[in-house]
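As stored in target_1.cif (mmCIF, C-alpha atoms; chains and numbers go by the auth columns):
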```
data_upload
loop_
_atom_site.group_PDB
_atom_site.id
_atom_site.type_symbol
_atom_site.label_atom_id
_atom_site.label_comp_id
_atom_site.label_asym_id
_atom_site.label_seq_id
_atom_site.Cartn_x
_atom_site.Cartn_y
_atom_site.Cartn_z
_atom_site.B_iso_or_equiv
_atom_site.auth_seq_id
_atom_site.auth_asym_id
ATOM 1 C CA MET A 1 156.698 93.272 114.281 0.00 12 A
ATOM 2 C CA SER A 2 157.008 96.256 116.657 0.00 13 A
ATOM 3 C CA ASP A 3 154.816 99.387 116.695 0.00 14 A
ATOM 4 C CA ARG A 4 157.643 101.410 115.127 0.00 15 A
ATOM 5 C CA ASP A 5 157.909 98.986 112.180 0.00 16 A
ATOM 6 C CA ARG A 6 154.132 99.165 111.693 0.00 17 A
ATOM 7 C CA ARG A 7 154.184 102.973 111.709 0.00 18 A
ATOM 8 C CA THR A 8 156.980 103.186 109.163 0.00 19 A
ATOM 9 C CA SER A 9 155.249 100.637 106.855 0.00 20 A
ATOM 10 C CA GLU A 10 151.779 102.251 107.040 0.00 21 A
ATOM 11 C CA PRO A 11 150.324 104.003 103.971 0.00 22 A
ATOM 12 C CA ALA A 12 150.419 107.770 103.833 0.00 23 A
ATOM 13 C CA GLY A 13 146.636 108.039 104.175 0.00 24 A
ATOM 14 C CA LEU A 14 146.707 106.383 107.611 0.00 25 A
ATOM 15 C CA ASP A 15 149.008 108.946 109.199 0.00 26 A
ATOM 16 C CA GLY A 16 147.622 110.615 112.287 0.00 27 A
ATOM 17 C CA LEU A 17 145.464 107.638 113.248 0.00 28 A
ATOM 18 C CA PRO A 18 145.750 105.387 116.315 0.00 29 A
ATOM 19 C CA PRO A 19 148.105 102.434 115.733 0.00 30 A
ATOM 20 C CA LEU A 20 146.660 99.035 114.864 0.00 31 A
ATOM 21 C CA TYR A 21 145.991 96.772 117.891 0.00 32 A
ATOM 22 C CA SER A 22 146.548 99.659 120.281 0.00 33 A
ATOM 23 C CA ILE A 23 144.334 100.069 123.361 0.00 34 A
ATOM 24 C CA ALA A 24 142.824 103.361 124.476 0.00 35 A
ATOM 25 C CA LYS A 25 139.867 104.802 126.343 0.00 36 A
ATOM 26 C CA GLY A 26 137.358 106.846 124.362 0.00 37 A
ATOM 27 C CA GLU A 27 133.971 108.530 124.587 0.00 38 A
ATOM 28 C CA VAL A 28 130.807 107.259 122.932 0.00 39 A
ATOM 29 C CA VAL A 29 129.539 110.071 120.694 0.00 40 A
ATOM 30 C CA SER A 30 126.776 108.237 118.780 0.00 41 A
ATOM 31 C CA VAL A 31 124.727 105.080 119.274 0.00 42 A
ATOM 32 C CA GLN A 32 123.057 103.251 116.384 0.00 43 A
ATOM 33 C CA THR A 33 121.298 99.884 116.167 0.00 44 A
ATOM 34 C CA TYR A 34 124.285 98.339 114.373 0.00 45 A
ATOM 35 C CA GLY A 35 126.958 99.776 116.690 0.00 46 A
ATOM 36 C CA ALA A 36 128.440 102.774 118.516 0.00 47 A
ATOM 37 C CA PHE A 37 130.906 105.474 117.354 0.00 48 A
ATOM 38 C CA VAL A 38 133.760 106.191 119.772 0.00 49 A
ATOM 39 C CA ARG A 39 136.114 109.198 119.696 0.00 50 A
ATOM 40 C CA LEU A 40 139.612 108.822 121.114 0.00 51 A
ATOM 41 C CA PRO A 41 141.341 111.730 122.869 0.00 52 A
ATOM 42 C CA GLY A 42 143.840 113.481 120.595 0.00 53 A
ATOM 43 C CA TYR A 43 142.246 112.139 117.376 0.00 54 A
ATOM 44 C CA LYS A 44 139.617 113.787 115.198 0.00 55 A
ATOM 45 C CA LYS A 45 138.565 110.566 113.490 0.00 56 A
ATOM 46 C CA GLU A 46 135.869 108.436 115.132 0.00 57 A
ATOM 47 C CA GLY A 47 135.821 104.637 115.054 0.00 58 A
ATOM 48 C CA LEU A 48 132.925 102.167 114.922 0.00 59 A
ATOM 49 C CA VAL A 49 132.401 99.456 117.525 0.00 60 A
ATOM 50 C CA HIS A 50 130.119 96.993 115.771 0.00 61 A
ATOM 51 C CA VAL A 51 127.524 95.103 117.853 0.00 62 A
ATOM 52 C CA SER A 52 129.449 91.890 117.177 0.00 63 A
ATOM 53 C CA GLU A 53 132.527 93.472 118.859 0.00 64 A
ATOM 54 C CA MET A 54 130.764 94.781 121.971 0.00 65 A
ATOM 55 C CA SER A 55 130.388 91.541 123.911 0.00 66 A
ATOM 56 C CA ALA A 56 131.196 87.851 123.689 0.00 67 A
ATOM 57 C CA SER A 57 127.455 87.152 123.877 0.00 68 A
ATOM 58 C CA ARG A 58 124.897 88.119 121.208 0.00 69 A
ATOM 59 C CA VAL A 59 123.821 91.789 121.207 0.00 70 A
ATOM 60 C CA GLU A 60 120.666 92.875 119.365 0.00 71 A
ATOM 61 C CA SER A 61 121.175 96.659 119.683 0.00 72 A
ATOM 62 C CA ALA A 62 124.110 98.842 120.754 0.00 73 A
ATOM 63 C CA SER A 63 121.862 100.758 123.163 0.00 74 A
ATOM 64 C CA GLU A 64 121.734 97.631 125.343 0.00 75 A
ATOM 65 C CA ILE A 65 125.463 97.999 126.126 0.00 76 A
ATOM 66 C CA VAL A 66 126.458 101.684 125.903 0.00 77 A
ATOM 67 C CA ASP A 67 124.992 105.201 126.035 0.00 78 A
ATOM 68 C CA VAL A 68 126.096 108.505 124.545 0.00 79 A
ATOM 69 C CA GLY A 69 128.755 110.212 126.720 0.00 80 A
ATOM 70 C CA GLU A 70 129.915 106.954 128.301 0.00 81 A
ATOM 71 C CA HIS A 71 133.673 106.182 128.372 0.00 82 A
ATOM 72 C CA VAL A 72 134.750 102.709 127.256 0.00 83 A
ATOM 73 C CA TRP A 73 137.978 100.805 126.625 0.00 84 A
ATOM 74 C CA ILE A 74 138.593 99.881 122.992 0.00 85 A
ATOM 75 C CA LYS A 75 141.150 98.079 120.871 0.00 86 A
ATOM 76 C CA VAL A 76 141.918 99.201 117.309 0.00 87 A
ATOM 77 C CA ILE A 77 141.283 96.112 115.152 0.00 88 A
ATOM 78 C CA GLY A 78 140.956 97.651 111.678 0.00 89 A
ATOM 79 C CA ARG A 79 142.051 100.640 109.600 0.00 90 A
ATOM 80 C CA GLU A 80 141.000 100.779 105.963 0.00 91 A
ATOM 81 C CA ILE A 81 140.997 103.357 103.192 0.00 92 A
ATOM 82 C CA GLN A 82 137.791 103.274 101.123 0.00 93 A
ATOM 83 C CA GLY A 83 138.075 105.907 98.408 0.00 94 A
ATOM 84 C CA ASP A 84 138.489 109.268 100.100 0.00 95 A
ATOM 85 C CA LYS A 85 137.355 107.927 103.484 0.00 96 A
ATOM 86 C CA VAL A 86 139.277 106.185 106.219 0.00 97 A
ATOM 87 C CA LYS A 87 137.417 103.558 108.218 0.00 98 A
ATOM 88 C CA LEU A 88 138.392 102.743 111.816 0.00 99 A
ATOM 89 C CA SER A 89 137.127 99.565 113.521 0.00 100 A
ATOM 90 C CA PHE A 90 137.246 99.174 117.319 0.00 101 A
ATOM 91 C CA SER A 91 136.548 96.251 119.630 0.00 102 A
ATOM 92 C CA MET A 92 135.263 96.350 123.213 0.00 103 A
ATOM 93 C CA LYS A 93 135.154 92.608 123.865 0.00 104 A
ATOM 94 C CA ALA A 94 138.933 92.335 123.351 0.00 105 A
ATOM 95 C CA VAL A 95 139.570 94.640 126.356 0.00 106 A
ATOM 96 C CA ASN A 96 138.594 94.286 130.005 0.00 107 A
ATOM 97 C CA GLN A 97 136.240 97.220 130.568 0.00 108 A
ATOM 98 C CA GLY A 98 137.136 97.452 134.254 0.00 109 A
ATOM 99 C CA THR A 99 140.946 97.473 134.061 0.00 110 A
ATOM 100 C CA GLY A 100 141.715 98.083 130.342 0.00 111 A
ATOM 101 C CA ARG A 101 143.724 94.850 130.084 0.00 112 A
ATOM 102 C CA ASP A 102 144.158 93.279 126.645 0.00 113 A
ATOM 103 C CA LEU A 103 142.140 90.012 126.517 0.00 114 A
ATOM 104 C CA ASP A 104 143.613 89.082 123.102 0.00 115 A
ATOM 105 C CA PRO A 105 147.317 89.923 123.440 0.00 116 A
ATOM 106 C CA ASN A 106 148.385 87.816 120.444 0.00 117 A
ATOM 107 C CA ASN A 107 145.596 89.305 118.250 0.00 118 A
ATOM 108 C CA VAL A 108 144.452 85.825 117.213 0.00 119 A
ATOM 109 C CA ASN A 109 140.736 86.582 117.499 0.00 120 A
ATOM 110 C CA ALA A 110 141.147 89.958 115.790 0.00 121 A
ATOM 111 C CA GLU A 111 142.941 88.422 112.795 0.00 122 A
ATOM 112 C CA GLN A 112 140.321 85.674 112.490 0.00 123 A
ATOM 113 C CA ASP A 113 137.511 88.246 112.509 0.00 124 A
ATOM 114 C CA ALA A 114 139.346 90.323 109.880 0.00 125 A
ATOM 115 C CA ARG A 115 139.685 87.228 107.660 0.00 126 A
ATOM 116 C CA ARG A 116 135.965 86.451 107.990 0.00 127 A
ATOM 117 C CA ARG A 117 135.011 90.014 107.080 0.00 128 A
ATOM 118 C CA LYS A 118 137.289 89.931 104.036 0.00 129 A
ATOM 119 C CA GLN A 119 135.844 86.625 102.798 0.00 130 A
ATOM 120 C CA PHE A 120 132.305 87.943 103.255 0.00 131 A
ATOM 121 C CA ARG A 121 133.100 91.047 101.165 0.00 132 A
ATOM 122 C CA ASP A 122 134.667 88.960 98.382 0.00 133 A
ATOM 123 C CA GLN A 123 131.673 86.608 98.178 0.00 134 A
ATOM 124 C CA THR A 124 129.070 89.374 98.101 0.00 135 A
ATOM 125 C CA SER A 125 130.658 90.764 94.922 0.00 136 A
ATOM 126 C CA ASN A 126 129.778 87.529 93.062 0.00 137 A
ATOM 127 C CA ARG A 127 126.134 87.976 92.185 0.00 138 A
ATOM 128 C CA ILE A 128 123.944 85.014 91.337 0.00 139 A
ATOM 129 C CA THR A 129 121.590 85.606 88.411 0.00 140 A
ATOM 130 C CA LEU A 130 118.578 83.375 87.876 0.00 141 A
ATOM 131 C CA GLU A 131 117.535 82.740 84.283 0.00 142 A
ATOM 132 C CA ALA A 132 113.846 82.484 85.096 0.00 143 A
ATOM 133 C CA VAL A 133 110.663 84.058 83.771 0.00 144 A
ATOM 134 C CA LEU A 134 109.724 86.955 86.004 0.00 145 A
ATOM 135 C CA ASN A 135 106.176 87.350 87.245 0.00 146 A
ATOM 136 C CA THR A 136 106.105 91.004 86.195 0.00 147 A
ATOM 137 C CA THR A 137 104.226 93.011 83.588 0.00 148 A
ATOM 138 C CA CYS A 138 106.057 95.535 81.438 0.00 149 A
ATOM 139 C CA SER A 139 104.476 98.991 81.606 0.00 150 A
ATOM 140 C CA LYS A 140 105.768 99.819 78.119 0.00 151 A
ATOM 141 C CA CYS A 141 104.408 96.959 76.003 0.00 152 A
ATOM 142 C CA GLY A 142 102.015 95.277 78.463 0.00 153 A
ATOM 143 C CA CYS A 143 103.671 91.855 78.140 0.00 154 A
ATOM 144 C CA LYS A 144 104.755 89.627 81.027 0.00 155 A
ATOM 145 C CA GLY A 145 108.168 88.179 81.827 0.00 156 A
ATOM 146 C CA HIS A 146 110.480 91.203 81.642 0.00 157 A
ATOM 147 C CA PHE A 147 111.072 94.623 83.162 0.00 158 A
ATOM 148 C CA THR A 148 110.391 97.918 81.430 0.00 159 A
ATOM 149 C CA LYS A 149 114.104 98.718 81.181 0.00 160 A
ATOM 150 C CA ASP A 150 114.693 95.440 79.296 0.00 161 A
ATOM 151 C CA CYS A 151 111.777 95.948 76.889 0.00 162 A
ATOM 152 C CA PHE A 152 112.678 95.806 73.183 0.00 163 A
ATOM 153 C CA SER A 153 109.497 97.375 71.820 0.00 164 A
ATOM 154 C CA ALA A 154 109.173 100.991 70.764 0.00 165 A
ATOM 155 C CA PRO A 155 107.155 103.276 73.061 0.00 166 A
ATOM 156 C CA GLY A 156 103.438 103.234 72.372 0.00 167 A
ATOM 157 C CA LEU A 157 103.449 100.014 70.325 0.00 168 A
ATOM 158 C CA GLN A 158 101.944 96.728 71.469 0.00 169 A
ATOM 159 C CA TYR A 159 102.471 93.296 69.986 0.00 170 A
ATOM 160 C CA ALA A 160 100.130 90.299 69.938 0.00 171 A
ATOM 161 C CA LEU A 161 100.379 86.744 68.613 0.00 172 A
ATOM 162 C CA LEU A 162 98.685 86.158 65.248 0.00 173 A
ATOM 163 C CA PRO A 163 96.551 82.990 64.809 0.00 174 A
ATOM 164 C CA GLU A 164 97.598 80.390 62.266 0.00 175 A
ATOM 165 C CA GLU A 165 95.920 80.254 58.833 0.00 176 A
ATOM 166 C CA ASP A 166 94.222 76.900 59.524 0.00 177 A
ATOM 167 C CA ASP A 167 92.630 78.243 62.685 0.00 178 A
ATOM 168 C CA GLU A 168 91.618 81.484 61.021 0.00 179 A
ATOM 169 C CA GLU A 169 89.572 79.963 58.141 0.00 180 A
ATOM 170 C CA PRO A 170 86.861 78.142 60.169 0.00 181 A
ATOM 171 C CA GLN A 171 86.434 81.223 62.350 0.00 182 A
ATOM 172 C CA GLN A 172 85.783 83.347 59.251 0.00 183 A
ATOM 173 C CA GLN A 173 83.315 80.813 57.884 0.00 184 A
ATOM 174 C CA THR A 174 81.321 80.711 61.059 0.00 185 A
ATOM 175 C CA SER A 175 81.419 84.459 61.509 0.00 186 A
ATOM 176 C CA LYS A 176 80.158 85.295 57.947 0.00 187 A
ATOM 177 C CA VAL A 177 76.345 84.908 57.604 0.00 188 A
ATOM 178 C CA THR A 178 74.440 86.041 54.500 0.00 189 A
ATOM 179 C CA PRO A 179 71.079 87.880 54.735 0.00 190 A
ATOM 180 C CA HIS A 180 69.388 85.006 52.826 0.00 191 A
ATOM 181 C CA GLN A 181 70.413 82.613 55.613 0.00 192 A
ATOM 182 C CA ASP A 182 68.991 85.024 58.182 0.00 193 A
ATOM 183 C CA SER A 183 65.587 85.092 56.391 0.00 194 A
ATOM 184 C CA ASP A 184 65.533 81.265 56.177 0.00 195 A
ATOM 185 C CA LYS A 185 66.185 80.986 59.881 0.00 196 A
ATOM 186 C CA LYS A 186 63.374 83.411 60.678 0.00 197 A
ATOM 187 C CA LYS A 187 60.927 81.467 58.463 0.00 198 A
ATOM 188 C CA LYS A 188 61.828 78.202 60.165 0.00 199 A
ATOM 189 C CA LYS A 189 61.223 79.754 63.565 0.00 200 A
ATOM 190 C CA LYS A 190 57.799 81.049 62.481 0.00 201 A
ATOM 191 C CA GLU A 191 56.829 77.622 61.096 0.00 202 A
ATOM 192 C CA LYS A 192 57.811 75.947 64.351 0.00 203 A
ATOM 193 C CA LYS A 193 55.719 78.394 66.340 0.00 204 A
ATOM 194 C CA ALA A 194 52.699 77.847 64.034 0.00 205 A
ATOM 195 C CA LYS A 195 53.008 74.051 64.402 0.00 206 A
ATOM 196 C CA LYS A 196 53.105 74.350 68.173 0.00 207 A
ATOM 197 C CA LYS A 197 49.984 76.532 68.202 0.00 208 A
ATOM 198 C CA SER A 198 48.079 74.108 65.920 0.00 209 A
ATOM 199 C CA LYS A 199 49.027 71.166 68.118 0.00 210 A
ATOM 200 C CA LYS A 200 47.739 72.980 71.188 0.00 211 A
ATOM 201 C CA ARG A 201 44.429 73.730 69.464 0.00 212 A
ATOM 202 C CA GLU A 202 43.995 70.079 68.418 0.00 213 A
ATOM 203 C CA ARG A 203 44.631 68.929 71.967 0.00 214 A
ATOM 204 C CA LYS A 204 42.037 71.313 73.360 0.00 215 A
ATOM 205 C CA GLU A 205 39.428 70.243 70.780 0.00 216 A
ATOM 206 C CA SER A 206 40.067 66.553 71.466 0.00 217 A
ATOM 207 C CA GLU A 207 39.717 67.134 75.190 0.00 218 A
ATOM 208 C CA SER A 208 36.446 69.031 74.701 0.00 219 A
ATOM 209 C CA ASP A 209 35.081 66.270 72.398 0.00 220 A
ATOM 210 C CA SER A 210 36.001 63.560 74.834 0.00 221 A
ATOM 211 C CA SER A 211 34.326 65.395 77.671 0.00 222 A
ATOM 212 C CA SER A 212 31.099 65.928 75.632 0.00 223 A
ATOM 213 C CA GLY A 213 31.091 62.310 74.404 0.00 224 A
ATOM 214 C CA GLY A 214 31.423 61.028 77.943 0.00 225 A
ATOM 215 C CA SER A 215 28.405 63.039 79.124 0.00 226 A
ATOM 216 C CA GLU A 216 26.287 61.699 76.244 0.00 227 A
ATOM 217 C CA CYS A 217 27.209 58.108 77.073 0.00 228 A
ATOM 218 C CA LYS A 218 26.232 58.639 80.683 0.00 229 A
ATOM 219 C CA SER A 219 22.821 60.041 79.725 0.00 230 A
ATOM 220 C CA LYS A 220 22.163 57.072 77.383 0.00 231 A
ATOM 221 C CA ARG A 221 23.034 54.619 80.136 0.00 232 A
ATOM 222 C CA ARG A 222 20.668 56.342 82.514 0.00 233 A
ATOM 223 C CA ARG A 223 17.822 56.196 79.958 0.00 234 A
ATOM 224 C CA GLN A 224 18.427 52.532 79.321 0.00 235 A
ATOM 225 C CA GLU A 225 18.401 51.753 83.025 0.00 236 A
ATOM 226 C CA HIS A 226 15.183 53.743 83.475 0.00 237 A
ATOM 227 C CA ASP A 227 13.528 51.862 80.631 0.00 238 A
ATOM 228 C CA ARG A 228 14.559 48.520 82.110 0.00 239 A
ATOM 229 C CA ASP A 229 13.102 49.451 85.456 0.00 240 A
ATOM 230 C CA ARG A 230 9.764 50.332 83.785 0.00 241 A
ATOM 231 C CA GLU A 231 9.680 47.021 81.925 0.00 242 A
ATOM 232 C CA ASP A 232 10.394 45.089 85.112 0.00 243 A
ATOM 233 C CA LYS A 233 7.562 46.872 86.919 0.00 244 A
ATOM 234 C CA LYS A 234 5.126 46.109 84.084 0.00 245 A
ATOM 235 C CA LYS A 235 6.043 42.432 84.113 0.00 246 A
ATOM 236 C CA LYS A 236 5.484 42.206 87.846 0.00 247 A
ATOM 237 C CA LYS A 237 2.060 43.850 87.561 0.00 248 A
ATOM 238 C CA HIS A 238 1.076 41.518 84.754 0.00 249 A
ATOM 239 C CA LYS A 239 2.047 38.446 86.826 0.00 250 A
ATOM 240 C CA LYS A 240 0.001 39.634 89.806 0.00 251 A
ATOM 241 C CA HIS A 241 -3.030 40.227 87.592 0.00 252 A
ATOM 242 C CA LYS A 242 -2.826 36.676 86.194 0.00 253 A
ATOM 243 C CA SER A 243 -2.575 35.166 89.640 0.00 254 A
ATOM 244 C CA HIS A 244 -5.743 36.991 90.783 0.00 255 A
ATOM 245 C CA LYS A 245 -7.670 35.672 87.768 0.00 256 A
ATOM 246 C CA HIS A 246 -6.753 32.051 88.430 0.00 257 A
ATOM 247 C CA SER A 247 -7.759 32.328 92.014 0.00 258 A
#
```

What's the structure tokens form of this structure?
Amino acid sequence: MSDRDRRTSEPAGLDGLPPLYSIAKGEVVSVQTYGAFVRLPGYKKEGLVHVSEMSASRVESASEIVDVGEHVWIKVIGREIQGDKVKLSFSMKAVNQGTGRDLDPNNVNAEQDARRRKQFRDQTSNRITLEAVLNTTCSKCGCKGHFTKDCFSAPGLQYALLPEEDDEEPQQQTSKVTPHQDSDKKKKKKEKKAKKKSKKRERKESESDSSSGGSECKSKRRRQEHDRDREDKKKKKHKKHKSHKHS
């Protein structure tokens, strides 16, 4: 298809724009991280050279390749109408920057890139929703698992799970205590304390008795030993006296 056929078949909104796949030299008017905007002489509309279209090798930022005010060769690879706006896409890697020669004369690479961009746009429109419990807390009702915008409760109200009847009865029984039961418990505590005190007293008395009894036994033993010693001495004296008489 010739350039004339393309021009006659173009939509009305694309009039006054550079022809598709045409080559021209333009001025860089703005540099962003994702690409550079180039203005062609004789056209008011600026076109974007994306970082992927600046060089055959990977480019992290457009400032690595071009600067504002620099003149570069470009090839028009895309013209789209998005609402009220017209989007122009340029390519620098398809043109020799020294001579301006077309490095993709059959537009094979340009058409492949256009197909990839179209497929990417179509797939991004299909959102994937996960039916999972969210780890979020609703600011309206205070419950977990949903956002505030999806909350079904009325503002200011909070809901809680009610316990079952079987679980509720034993809790009530344990929680209810009559004053008579309180007095019985206090009496039992006092009796226990009195028993402990009496046991302590008995232990002390038994210890004191045992200590006194032991001292008495010791004194008796000493007396008995002293008496035995006296008797032994008397017997010895008596024997000596007898022996002197016989002699």

Item to check | Gap from atom CA of Asp115 of chain A to atom CA of Lys96 of chain A - Å, one decimal | outcome: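 Separation between atom CA of Asp115 of chain A and atom CA of Lys96 of chain A: 27.9 Å.
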
Next on the checklist: Using Å and a single decimal, report how far atom CA of Gly37 of chain A sits from atom CA of His82 of chain A.
Outcome noted: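 Result for atom CA of His82 of chain A versus atom CA of Gly37 of chain A: 5.5 Å, one decimal.
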
Checklist entry - Can you tell me how far atom CA of Ile76 of chain A sits from atom CA of Thr110 of chain A, in Å to one decimal? => result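 The value is 17.4 Å.
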
Next on the checklist: Please list as a PyMOL selection string every residue within 12 Å of Val60 of chain A, counting only C-alpha atoms and excluding residues in the same chain fewer than 4 positions away.
Outcome noted: chain A and resi 37-50+64-66+72-73+76-77+83-89+98-105

Checklist entry - Of the candidates A:Val79, A:Ala121, A:Cys152, A:Val70, which shows the shortest atom-to-atom distance to Ser33 of chain A, using all atoms listed in the file? => result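 Counting all atoms listed in the file, the residue closest to Ser33 of chain A is A:Ala121.
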